[in-house]
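J.: Questions regarding the structure given below will be posed in turn.
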Amino acid sequence: MSIPDELLVDIAARVESEQSNQMSLTVVVRGAVITGRLAPEKVWRQRVAEVLEESERLGQFSALFSSDSRNGRRNGHSPDDDGAPTHLHFHLARILQGSVGIPETGGMYRVAIQDVGAWTVGDFSYS
């Protein structure tokens, strides 16, 4: 198990505490490059629940992402008392592959901070 980058944990905590979705970040996770904006977990879960709810086939899964379904669970946070984030929640994000970003419109990704091998502030886009 790798040790999470403390600065990256601090960035995630700031996004969580200020409920902001303006922090752009690019990370390398097990060879994949993911670029986009960070969102607070609650906002990310709400948006995923909304998308799933609109789906005829996947609507039944939307409740898993709603804040009401968590019942005090600490998803995305460490199990110890400090409550430090353990995951990054991306929205409007793309996996970069060659000269394209997948999906073009951006997706919703959840990444374990301990799996991030490299990162930089800002996102990449192709013109």
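Each chain in the structure tokens gets a letter, A, B and so on, in the order shown; residues start at 1 in every chain, and ligands are counted from 1 in the order they appear.
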Using DSSP on the backbone coordinates, identify the residues of chain A assigned to strand (DSSP E or B); present them as a JSON list (two decimals) with all heavy atoms, in the first residue's frame.

T.:
[["chain", "number", "residue", "atom", "x", "y", "z"],
["A", 24, "SER", "N", -8.98, 22.49, -10.80],
["A", 24, "SER", "CA", -8.64, 21.59, -11.90],
["A", 24, "SER", "C", -7.39, 20.81, -11.54],
["A", 24, "SER", "O", -6.44, 21.36, -10.96],
["A", 24, "SER", "CB", -8.40, 22.38, -13.18],
["A", 24, "SER", "OG", -9.59, 23.01, -13.59],
["A", 25, "LEU", "N", -7.38, 19.54, -11.90],
["A", 25, "LEU", "CA", -6.27, 18.66, -11.54],
["A", 25, "LEU", "C", -6.10, 17.60, -12.61],
["A", 25, "LEU", "O", -7.07, 17.17, -13.24],
["A", 25, "LEU", "CB", -6.60, 17.99, -10.19],
["A", 25, "LEU", "CG", -5.47, 17.38, -9.39],
["A", 25, "LEU", "CD1", -4.56, 18.48, -8.84],
["A", 25, "LEU", "CD2", -6.02, 16.58, -8.23],
["A", 26, "THR", "N", -4.85, 17.20, -12.81],
["A", 26, "THR", "CA", -4.54, 16.09, -13.70],
["A", 26, "THR", "C", -3.73, 15.09, -12.88],
["A", 26, "THR", "O", -2.78, 15.48, -12.20],
["A", 26, "THR", "CB", -3.74, 16.56, -14.93],
["A", 26, "THR", "OG1", -4.53, 17.50, -15.65],
["A", 26, "THR", "CG2", -3.39, 15.39, -15.84],
["A", 27, "VAL", "N", -4.14, 13.82, -12.92],
["A", 27, "VAL", "CA", -3.47, 12.78, -12.15],
["A", 27, "VAL", "C", -3.08, 11.62, -13.06],
["A", 27, "VAL", "O", -3.71, 11.39, -14.09],
["A", 27, "VAL", "CB", -4.36, 12.26, -10.99],
["A", 27, "VAL", "CG1", -4.67, 13.37, -9.99],
["A", 27, "VAL", "CG2", -5.64, 11.63, -11.50],
["A", 28, "VAL", "N", -2.06, 10.90, -12.63],
["A", 28, "VAL", "CA", -1.68, 9.65, -13.29],
["A", 28, "VAL", "C", -1.98, 8.55, -12.29],
["A", 28, "VAL", "O", -1.48, 8.55, -11.16],
["A", 28, "VAL", "CB", -0.18, 9.63, -13.67],
["A", 28, "VAL", "CG1", 0.19, 8.30, -14.31],
["A", 28, "VAL", "CG2", 0.15, 10.80, -14.60],
["A", 29, "VAL", "N", -2.84, 7.62, -12.71],
["A", 29, "VAL", "CA", -3.25, 6.52, -11.85],
["A", 29, "VAL", "C", -3.05, 5.22, -12.61],
["A", 29, "VAL", "O", -3.74, 4.94, -13.58],
["A", 29, "VAL", "CB", -4.74, 6.65, -11.45],
["A", 29, "VAL", "CG1", -5.17, 5.51, -10.57],
["A", 29, "VAL", "CG2", -5.00, 7.99, -10.77],
["A", 32, "ALA", "N", -2.94, 5.50, -16.33],
["A", 32, "ALA", "CA", -3.99, 6.30, -16.95],
["A", 32, "ALA", "C", -3.84, 7.75, -16.53],
["A", 32, "ALA", "O", -3.56, 8.05, -15.37],
["A", 32, "ALA", "CB", -5.36, 5.79, -16.55],
["A", 33, "VAL", "N", -4.03, 8.66, -17.47],
["A", 33, "VAL", "CA", -3.99, 10.08, -17.18],
["A", 33, "VAL", "C", -5.43, 10.58, -17.16],
["A", 33, "VAL", "O", -6.16, 10.45, -18.14],
["A", 33, "VAL", "CB", -3.16, 10.86, -18.23],
["A", 33, "VAL", "CG1", -3.18, 12.35, -17.93],
["A", 33, "VAL", "CG2", -1.74, 10.33, -18.28],
["A", 34, "ILE", "N", -5.84, 11.13, -16.01],
["A", 34, "ILE", "CA", -7.20, 11.65, -15.84],
["A", 34, "ILE", "C", -7.09, 13.13, -15.55],
["A", 34, "ILE", "O", -6.31, 13.55, -14.69],
["A", 34, "ILE", "CB", -7.93, 10.93, -14.69],
["A", 34, "ILE", "CG1", -8.02, 9.43, -14.99],
["A", 34, "ILE", "CG2", -9.32, 11.52, -14.48],
["A", 34, "ILE", "CD1", -8.56, 8.60, -13.84],
["A", 35, "THR", "N", -7.86, 13.91, -16.28],
["A", 35, "THR", "CA", -7.82, 15.36, -16.11],
["A", 35, "THR", "C", -9.24, 15.90, -15.98],
["A", 35, "THR", "O", -10.17, 15.39, -16.62],
["A", 35, "THR", "CB", -7.08, 16.03, -17.30],
["A", 35, "THR", "OG1", -6.88, 17.40, -17.02],
["A", 35, "THR", "CG2", -7.84, 15.86, -18.60],
["A", 36, "GLY", "N", -9.42, 16.85, -15.09],
["A", 36, "GLY", "CA", -10.74, 17.44, -14.90],
["A", 36, "GLY", "C", -10.79, 18.29, -13.65],
["A", 36, "GLY", "O", -9.76, 18.69, -13.11],
["A", 37, "ARG", "N", -12.01, 18.55, -13.20],
["A", 37, "ARG", "CA", -12.20, 19.38, -12.00],
["A", 37, "ARG", "C", -12.64, 18.51, -10.84],
["A", 37, "ARG", "O", -13.44, 17.59, -11.00],
["A", 37, "ARG", "CB", -13.23, 20.46, -12.26],
["A", 37, "ARG", "CG", -12.69, 21.56, -13.15],
["A", 37, "ARG", "CD", -13.55, 22.76, -13.14],
["A", 37, "ARG", "NE", -14.94, 22.43, -13.41],
["A", 37, "ARG", "CZ", -15.85, 23.31, -13.75],
["A", 37, "ARG", "NH1", -15.54, 24.57, -13.88],
["A", 37, "ARG", "NH2", -17.08, 22.94, -13.97],
["A", 38, "LEU", "N", -12.12, 18.86, -9.67],
["A", 38, "LEU", "CA", -12.51, 18.15, -8.46],
["A", 38, "LEU", "C", -13.84, 18.70, -7.95],
["A", 38, "LEU", "O", -14.12, 19.88, -8.08],
["A", 38, "LEU", "CB", -11.45, 18.32, -7.37],
["A", 38, "LEU", "CG", -10.10, 17.69, -7.63],
["A", 38, "LEU", "CD1", -9.16, 17.98, -6.45],
["A", 38, "LEU", "CD2", -10.23, 16.20, -7.85],
["A", 77, "HIS", "N", -13.54, 8.90, 2.88],
["A", 77, "HIS", "CA", -12.77, 9.46, 3.99],
["A", 77, "HIS", "C", -12.12, 8.33, 4.76],
["A", 77, "HIS", "O", -12.58, 7.21, 4.76],
["A", 77, "HIS", "CB", -13.69, 10.27, 4.91],
["A", 77, "HIS", "CG", -14.25, 11.47, 4.23],
["A", 77, "HIS", "ND1", -15.38, 11.40, 3.46],
["A", 77, "HIS", "CD2", -13.83, 12.75, 4.18],
["A", 77, "HIS", "CE1", -15.64, 12.60, 2.97],
["A", 77, "HIS", "NE2", -14.72, 13.43, 3.39],
["A", 85, "PRO", "N", -9.78, 13.05, 3.52],
["A", 85, "PRO", "CA", -10.28, 12.40, 2.31],
["A", 85, "PRO", "C", -9.33, 11.30, 1.84],
["A", 85, "PRO", "O", -8.11, 11.44, 1.95],
["A", 85, "PRO", "CB", -10.34, 13.53, 1.29],
["A", 85, "PRO", "CG", -10.32, 14.79, 2.08],
["A", 85, "PRO", "CD", -9.56, 14.48, 3.33],
["A", 87, "HIS", "N", -10.25, 9.79, -1.29],
["A", 87, "HIS", "CA", -10.56, 9.73, -2.72],
["A", 87, "HIS", "C", -10.69, 11.13, -3.30],
["A", 87, "HIS", "O", -11.07, 12.07, -2.60],
["A", 87, "HIS", "CB", -11.87, 8.98, -2.96],
["A", 87, "HIS", "CG", -11.76, 7.52, -2.69],
["A", 87, "HIS", "ND1", -11.74, 7.01, -1.41],
["A", 87, "HIS", "CD2", -11.66, 6.47, -3.53],
["A", 87, "HIS", "CE1", -11.63, 5.68, -1.49],
["A", 87, "HIS", "NE2", -11.57, 5.34, -2.75],
["A", 88, "LEU", "N", -10.39, 11.21, -4.58],
["A", 88, "LEU", "CA", -10.64, 12.42, -5.36],
["A", 88, "LEU", "C", -11.90, 12.17, -6.17],
["A", 88, "LEU", "O", -12.08, 11.08, -6.72],
["A", 88, "LEU", "CB", -9.48, 12.70, -6.31],
["A", 88, "LEU", "CG", -8.11, 12.89, -5.68],
["A", 88, "LEU", "CD1", -7.03, 12.93, -6.76],
["A", 88, "LEU", "CD2", -8.09, 14.15, -4.82],
["A", 89, "HIS", "N", -12.76, 13.17, -6.26],
["A", 89, "HIS", "CA", -14.00, 13.04, -7.01],
["A", 89, "HIS", "C", -13.97, 14.03, -8.17],
["A", 89, "HIS", "O", -14.05, 15.24, -7.96],
["A", 89, "HIS", "CB", -15.20, 13.28, -6.10],
["A", 89, "HIS", "CG", -15.30, 12.24, -5.04],
["A", 89, "HIS", "ND1", -14.63, 12.34, -3.83],
["A", 89, "HIS", "CD2", -15.94, 11.05, -5.02],
["A", 89, "HIS", "CE1", -14.88, 11.26, -3.11],
["A", 89, "HIS", "NE2", -15.66, 10.46, -3.81],
["A", 90, "PHE", "N", -13.80, 13.49, -9.38],
["A", 90, "PHE", "CA", -13.69, 14.32, -10.58],
["A", 90, "PHE", "C", -15.03, 14.43, -11.27],
["A", 90, "PHE", "O", -15.79, 13.46, -11.36],
["A", 90, "PHE", "CB", -12.72, 13.68, -11.58],
["A", 90, "PHE", "CG", -11.28, 13.83, -11.22],
["A", 90, "PHE", "CD1", -10.64, 12.86, -10.47],
["A", 90, "PHE", "CD2", -10.55, 14.92, -11.66],
["A", 90, "PHE", "CE1", -9.30, 12.97, -10.16],
["A", 90, "PHE", "CE2", -9.21, 15.04, -11.34],
["A", 90, "PHE", "CZ", -8.57, 14.07, -10.60],
["A", 91, "HIS", "N", -15.31, 15.62, -11.79],
["A", 91, "HIS", "CA", -16.42, 15.77, -12.73],
["A", 91, "HIS", "C", -15.88, 16.56, -13.91],
["A", 91, "HIS", "O", -14.81, 17.16, -13.84],
["A", 91, "HIS", "CB", -17.63, 16.44, -12.06],
["A", 91, "HIS", "CG", -17.47, 17.90, -11.79],
["A", 91, "HIS", "ND1", -18.26, 18.84, -12.36],
["A", 91, "HIS", "CD2", -16.60, 18.56, -11.01],
["A", 91, "HIS", "CE1", -17.91, 20.03, -11.94],
["A", 91, "HIS", "NE2", -16.90, 19.89, -11.12],
["A", 92, "LEU", "N", -16.59, 16.50, -15.00],
["A", 92, "LEU", "CA", -16.11, 17.10, -16.25],
["A", 92, "LEU", "C", -14.70, 16.59, -16.56],
["A", 92, "LEU", "O", -13.84, 17.34, -17.01],
["A", 92, "LEU", "CB", -16.12, 18.63, -16.18],
["A", 92, "LEU", "CG", -17.46, 19.28, -15.91],
["A", 92, "LEU", "CD1", -17.29, 20.79, -15.74],
["A", 92, "LEU", "CD2", -18.46, 18.97, -17.00],
["A", 93, "ALA", "N", -14.48, 15.32, -16.28],
["A", 93, "ALA", "CA", -13.14, 14.73, -16.42],
["A", 93, "ALA", "C", -13.04, 13.84, -17.64],
["A", 93, "ALA", "O", -14.04, 13.32, -18.14],
["A", 93, "ALA", "CB", -12.82, 13.93, -15.16],
["A", 94, "ARG", "N", -11.81, 13.69, -18.10],
["A", 94, "ARG", "CA", -11.54, 12.83, -19.25],
["A", 94, "ARG", "C", -10.31, 11.98, -18.97],
["A", 94, "ARG", "O", -9.39, 12.42, -18.28],
["A", 94, "ARG", "CB", -11.30, 13.69, -20.50],
["A", 94, "ARG", "CG", -12.51, 14.48, -20.91],
["A", 94, "ARG", "CD", -12.21, 15.49, -22.03],
["A", 94, "ARG", "NE", -11.00, 16.27, -21.88],
["A", 94, "ARG", "CZ", -10.85, 17.33, -21.09],
["A", 94, "ARG", "NH1", -11.81, 17.73, -20.34],
["A", 94, "ARG", "NH2", -9.71, 17.98, -21.05],
["A", 95, "ILE", "N", -10.31, 10.78, -19.53],
["A", 95, "ILE", "CA", -9.11, 9.96, -19.54],
["A", 95, "ILE", "C", -8.40, 10.32, -20.84],
["A", 95, "ILE", "O", -9.01, 10.25, -21.92],
["A", 95, "ILE", "CB", -9.46, 8.46, -19.51],
["A", 95, "ILE", "CG1", -10.17, 8.11, -18.20],
["A", 95, "ILE", "CG2", -8.20, 7.62, -19.70],
["A", 95, "ILE", "CD1", -10.69, 6.69, -18.15],
["A", 96, "LEU", "N", -7.15, 10.74, -20.74],
["A", 96, "LEU", "CA", -6.41, 11.15, -21.93],
["A", 96, "LEU", "C", -5.74, 9.94, -22.57],
["A", 96, "LEU", "O", -5.08, 9.16, -21.90],
["A", 96, "LEU", "CB", -5.37, 12.20, -21.57],
["A", 96, "LEU", "CG", -5.90, 13.47, -20.93],
["A", 96, "LEU", "CD1", -4.76, 14.44, -20.64],
["A", 96, "LEU", "CD2", -6.96, 14.13, -21.80],
["A", 97, "GLN", "N", -5.98, 9.81, -23.86],
["A", 97, "GLN", "CA", -5.38, 8.71, -24.61],
["A", 97, "GLN", "C", -4.98, 9.26, -25.97],
["A", 97, "GLN", "O", -5.85, 9.64, -26.76],
["A", 97, "GLN", "CB", -6.35, 7.55, -24.77],
["A", 97, "GLN", "CG", -5.77, 6.39, -25.52],
["A", 97, "GLN", "CD", -6.74, 5.22, -25.59],
["A", 97, "GLN", "OE1", -7.74, 5.19, -24.91],
["A", 97, "GLN", "NE2", -6.42, 4.26, -26.41],
["A", 100, "VAL", "N", -6.86, 12.30, -27.86],
["A", 100, "VAL", "CA", -8.28, 12.45, -27.52],
["A", 100, "VAL", "C", -8.49, 12.29, -26.02],
["A", 100, "VAL", "O", -7.70, 11.66, -25.32],
["A", 100, "VAL", "CB", -9.18, 11.42, -28.26],
["A", 100, "VAL", "CG1", -9.12, 11.62, -29.75],
["A", 100, "VAL", "CG2", -8.78, 10.01, -27.91],
["A", 101, "GLY", "N", -9.58, 12.88, -25.56],
["A", 101, "GLY", "CA", -10.02, 12.69, -24.19],
["A", 101, "GLY", "C", -11.30, 11.88, -24.20],
["A", 101, "GLY", "O", -12.19, 12.12, -25.02],
["A", 102, "ILE", "N", -11.40, 10.88, -23.34],
["A", 102, "ILE", "CA", -12.56, 9.99, -23.31],
["A", 102, "ILE", "C", -13.28, 10.18, -21.98],
["A", 102, "ILE", "O", -12.64, 10.04, -20.93],
["A", 102, "ILE", "CB", -12.10, 8.53, -23.44],
["A", 102, "ILE", "CG1", -11.25, 8.36, -24.69],
["A", 102, "ILE", "CG2", -13.30, 7.59, -23.45],
["A", 102, "ILE", "CD1", -10.51, 7.03, -24.74],
["A", 103, "PRO", "N", -14.54, 10.45, -21.93],
["A", 103, "PRO", "CA", -15.39, 10.86, -23.05],
["A", 103, "PRO", "C", -15.13, 12.33, -23.39],
["A", 103, "PRO", "O", -14.62, 13.08, -22.56],
["A", 103, "PRO", "CB", -16.80, 10.67, -22.50],
["A", 103, "PRO", "CG", -16.67, 10.89, -21.03],
["A", 103, "PRO", "CD", -15.29, 10.38, -20.67],
["A", 104, "GLU", "N", -15.51, 12.73, -24.59],
["A", 104, "GLU", "CA", -15.27, 14.10, -25.03],
["A", 104, "GLU", "C", -15.96, 15.11, -24.14],
["A", 104, "GLU", "O", -15.45, 16.19, -23.90],
["A", 104, "GLU", "CB", -15.74, 14.28, -26.48],
["A", 104, "GLU", "CG", -14.83, 13.62, -27.48],
["A", 104, "GLU", "CD", -15.28, 13.90, -28.90],
["A", 104, "GLU", "OE1", -15.95, 14.91, -29.13],
["A", 104, "GLU", "OE2", -14.95, 13.09, -29.77],
["A", 105, "THR", "N", -17.15, 14.77, -23.65],
["A", 105, "THR", "CA", -17.93, 15.71, -22.85],
["A", 105, "THR", "C", -17.54, 15.71, -21.39],
["A", 105, "THR", "O", -17.98, 16.57, -20.64],
["A", 105, "THR", "CB", -19.43, 15.37, -22.95],
["A", 105, "THR", "OG1", -19.61, 14.01, -22.52],
["A", 105, "THR", "CG2", -19.93, 15.53, -24.37],
["A", 106, "GLY", "N", -16.75, 14.78, -20.97],
["A", 106, "GLY", "CA", -16.34, 14.70, -19.57],
["A", 106, "GLY", "C", -17.19, 13.71, -18.80],
["A", 106, "GLY", "O", -18.37, 13.53, -19.09],
["A", 107, "GLY", "N", -16.57, 13.07, -17.84],
["A", 107, "GLY", "CA", -17.26, 12.05, -17.06],
["A", 107, "GLY", "C", -17.06, 12.27, -15.58],
["A", 107, "GLY", "O", -16.45, 13.25, -15.15],
["A", 108, "MET", "N", -17.57, 11.33, -14.81],
["A", 108, "MET", "CA", -17.48, 11.38, -13.36],
["A", 108, "MET", "C", -16.57, 10.24, -12.91],
["A", 108, "MET", "O", -16.87, 9.08, -13.16],
["A", 108, "MET", "CB", -18.87, 11.19, -12.75],
["A", 108, "MET", "CG", -19.93, 12.13, -13.29],
["A", 108, "MET", "SD", -19.69, 13.81, -12.76],
["A", 108, "MET", "CE", -20.23, 13.71, -11.09],
["A", 109, "TYR", "N", -15.45, 10.58, -12.26],
["A", 109, "TYR", "CA", -14.49, 9.57, -11.84],
["A", 109, "TYR", "C", -14.19, 9.72, -10.36],
["A", 109, "TYR", "O", -14.09, 10.83, -9.85],
["A", 109, "TYR", "CB", -13.18, 9.68, -12.62],
["A", 109, "TYR", "CG", -13.33, 9.44, -14.09],
["A", 109, "TYR", "CD1", -13.40, 10.49, -14.99],
["A", 109, "TYR", "CD2", -13.42, 8.15, -14.58],
["A", 109, "TYR", "CE1", -13.55, 10.27, -16.35],
["A", 109, "TYR", "CE2", -13.58, 7.91, -15.94],
["A", 109, "TYR", "CZ", -13.64, 8.97, -16.81],
["A", 109, "TYR", "OH", -13.80, 8.75, -18.15],
["A", 110, "ARG", "N", -14.01, 8.59, -9.69],
["A", 110, "ARG", "CA", -13.60, 8.55, -8.29],
["A", 110, "ARG", "C", -12.27, 7.81, -8.25],
["A", 110, "ARG", "O", -12.16, 6.68, -8.73],
["A", 110, "ARG", "CB", -14.66, 7.81, -7.47],
["A", 110, "ARG", "CG", -14.32, 7.62, -6.01],
["A", 110, "ARG", "CD", -15.49, 6.92, -5.32],
["A", 110, "ARG", "NE", -15.11, 6.30, -4.10],
["A", 110, "ARG", "CZ", -15.57, 6.66, -2.90],
["A", 110, "ARG", "NH1", -16.45, 7.63, -2.81],
["A", 110, "ARG", "NH2", -15.17, 6.04, -1.82],
["A", 111, "VAL", "N", -11.26, 8.46, -7.69],
["A", 111, "VAL", "CA", -9.91, 7.93, -7.70],
["A", 111, "VAL", "C", -9.38, 7.89, -6.28],
["A", 111, "VAL", "O", -9.46, 8.88, -5.55],
["A", 111, "VAL", "CB", -8.98, 8.83, -8.57],
["A", 111, "VAL", "CG1", -7.55, 8.38, -8.49],
["A", 111, "VAL", "CG2", -9.47, 8.89, -10.00],
["A", 112, "ALA", "N", -8.82, 6.75, -5.88],
["A", 112, "ALA", "CA", -8.19, 6.64, -4.57],
["A", 112, "ALA", "C", -6.90, 7.46, -4.56],
["A", 112, "ALA", "O", -6.06, 7.30, -5.44],
["A", 112, "ALA", "CB", -7.89, 5.19, -4.23],
["A", 116, "VAL", "N", -2.62, 7.50, -6.76],
["A", 116, "VAL", "CA", -2.10, 8.55, -7.64],
["A", 116, "VAL", "C", -0.58, 8.51, -7.60],
["A", 116, "VAL", "O", 0.04, 8.64, -6.55],
["A", 116, "VAL", "CB", -2.62, 9.94, -7.20],
["A", 116, "VAL", "CG1", -1.96, 11.05, -8.01],
["A", 116, "VAL", "CG2", -4.14, 10.01, -7.34],
["A", 117, "GLY", "N", 0.02, 8.29, -8.77],
["A", 117, "GLY", "CA", 1.47, 8.22, -8.87],
["A", 117, "GLY", "C", 2.11, 9.56, -9.17],
["A", 117, "GLY", "O", 3.26, 9.81, -8.82],
["A", 118, "ALA", "N", 1.38, 10.44, -9.84],
["A", 118, "ALA", "CA", 1.87, 11.78, -10.18],
["A", 118, "ALA", "C", 0.66, 12.67, -10.40],
["A", 118, "ALA", "O", -0.43, 12.19, -10.72],
["A", 118, "ALA", "CB", 2.73, 11.72, -11.44],
["A", 119, "TRP", "N", 0.84, 13.96, -10.21],
["A", 119, "TRP", "CA", -0.27, 14.89, -10.42],
["A", 119, "TRP", "C", 0.25, 16.29, -10.68],
["A", 119, "TRP", "O", 1.39, 16.61, -10.39],
["A", 119, "TRP", "CB", -1.22, 14.89, -9.23],
["A", 119, "TRP", "CG", -0.62, 15.29, -7.92],
["A", 119, "TRP", "CD1", 0.06, 14.49, -7.03],
["A", 119, "TRP", "CD2", -0.61, 16.60, -7.33],
["A", 119, "TRP", "NE1", 0.47, 15.22, -5.95],
["A", 119, "TRP", "CE2", 0.07, 16.51, -6.10],
["A", 119, "TRP", "CE3", -1.14, 17.82, -7.71],
["A", 119, "TRP", "CZ2", 0.25, 17.62, -5.27],
["A", 119, "TRP", "CZ3", -0.96, 18.92, -6.89],
["A", 119, "TRP", "CH2", -0.28, 18.80, -5.68],
["A", 120, "THR", "N", -0.61, 17.11, -11.26],
["A", 120, "THR", "CA", -0.30, 18.51, -11.48],
["A", 120, "THR", "C", -1.58, 19.31, -11.39],
["A", 120, "THR", "O", -2.67, 18.80, -11.69],
["A", 120, "THR", "CB", 0.40, 18.75, -12.84],
["A", 120, "THR", "OG1", 0.84, 20.11, -12.92],
["A", 120, "THR", "CG2", -0.52, 18.45, -14.00],
["A", 121, "VAL", "N", -1.46, 20.55, -10.97],
["A", 121, "VAL", "CA", -2.61, 21.44, -10.92],
["A", 121, "VAL", "C", -2.95, 21.86, -12.35],
["A", 121, "VAL", "O", -2.06, 22.14, -13.14],
["A", 121, "VAL", "CB", -2.32, 22.67, -10.04],
["A", 121, "VAL", "CG1", -3.42, 23.70, -10.13],
["A", 121, "VAL", "CG2", -2.08, 22.24, -8.60]]

J.: Find, counting only C-alpha atoms, the residue in A:Gln46, A:Ser66, A:Gln114, A:Ser55 that gets nearest to A:Glu6.

T.: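 The answer is A:Gln114, which sits nearest to A:Glu6.
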
J.: Give me the residues within 7 Å of A:Ser20 as a list of chain:residue names, counting only C-alpha atoms and dropping any in the same chain fewer than 2 places off.

T.: A:Val15, A:Glu18, A:Gln22, A:Ala39, A:Pro40

J.: Output N, CA and C atoms for every residue in the selection just made, as an mmCIF file, in the first residue's frame.

T.:
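As written to disk, part.cif reads:
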data_model
loop_
_atom_site.group_PDB
_atom_site.id
_atom_site.type_symbol
_atom_site.label_atom_id
_atom_site.label_comp_id
_atom_site.auth_asym_id
_atom_site.auth_seq_id
_atom_site.Cartn_x
_atom_site.Cartn_y
_atom_site.Cartn_z
ATOM 1 N N VAL A 15 -11.175 21.184 -1.053
ATOM 2 C CA VAL A 15 -12.334 21.092 -1.946
ATOM 3 C C VAL A 15 -13.559 20.655 -1.143
ATOM 4 N N GLU A 18 -14.725 23.600 1.396
ATOM 5 C CA GLU A 18 -15.278 24.807 0.793
ATOM 6 C C GLU A 18 -16.402 24.505 -0.180
ATOM 7 N N GLN A 22 -14.085 24.145 -8.476
ATOM 8 C CA GLN A 22 -13.288 24.928 -9.421
ATOM 9 C C GLN A 22 -11.833 24.483 -9.523
ATOM 10 N N ALA A 39 -14.610 17.816 -7.371
ATOM 11 C CA ALA A 39 -15.882 18.200 -6.758
ATOM 12 C C ALA A 39 -15.927 17.625 -5.352
ATOM 13 N N PRO A 40 -16.642 18.284 -4.445
ATOM 14 C CA PRO A 40 -16.854 17.669 -3.130
ATOM 15 C C PRO A 40 -17.606 16.349 -3.315
#

J.: Using only C-alpha atoms, pick whichever of A:Lys42, A:Phe124, A:Gly83, A:Ile113 has the shortest atom-to-atom distance to A:Ile3.

T.: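 Residue with the minimum atom-to-atom distance to A:Ile3: A:Ile113.
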
J.: Grab the atom CA of A:Arg30 to atom CA of A:Phe65 distance for me, in Å with one decimal place.

T.: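 Value for the atom CA of A:Arg30-atom CA of A:Phe65 distance: 25.3 Å.
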
J.: Using only C-alpha atoms, can you tell me which of A:Asp115, A:Glu16, A:Glu56, A:Val51 comes closest to A:Ser2?

T.: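 Result for the nearest residue to A:Ser2: A:Asp115.
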
J.: Would you please extract all helix (DSSP H, G or I) residues from stretch 18-112 of chain A, as assigned by DSSP on the backbone, and give them as a tab-separated table (two decimals) with C-alpha atoms, in the first residue's frame?

T.:
chain	number	residue	atom	x	y	z
A	18	GLU	CA	-15.28	24.81	0.79
A	41	GLU	CA	-17.94	14.08	-2.61
A	42	LYS	CA	-21.50	15.10	-1.72
A	43	VAL	CA	-21.88	17.10	-4.94
A	44	TRP	CA	-20.29	14.31	-6.99
A	45	ARG	CA	-22.61	11.67	-5.47
A	46	GLN	CA	-25.65	13.85	-6.08
A	47	ARG	CA	-24.77	14.32	-9.75
A	48	VAL	CA	-24.08	10.60	-10.27
A	49	ALA	CA	-27.42	9.79	-8.59
A	50	GLU	CA	-29.21	12.22	-10.93
A	51	VAL	CA	-27.64	10.68	-14.02
A	52	LEU	CA	-28.48	7.14	-12.89
A	53	GLU	CA	-32.01	8.13	-11.95
A	59	GLY	CA	-32.17	3.89	-12.16
A	60	GLN	CA	-32.21	1.33	-9.35
A	61	PHE	CA	-28.59	2.19	-8.53
A	62	SER	CA	-29.21	5.90	-8.00
A	63	ALA	CA	-30.14	5.41	-4.34
A	64	LEU	CA	-26.64	4.06	-3.62
A	65	PHE	CA	-25.21	7.47	-4.46
A	67	SER	CA	-26.66	11.28	0.49
A	68	ASP	CA	-29.67	9.78	2.29
A	69	SER	CA	-28.45	6.23	1.59
A	70	ARG	CA	-25.08	6.69	3.30

J.: Taking only C-alpha atoms into account, which of A:Ser99, A:Met23, A:Thr86, A:Ala13 comes nearest A:Gly122?

T.: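 Going through A:Ser99, A:Met23, A:Thr86, A:Ala13 one by one, the smallest distance to A:Gly122 is for A:Met23.
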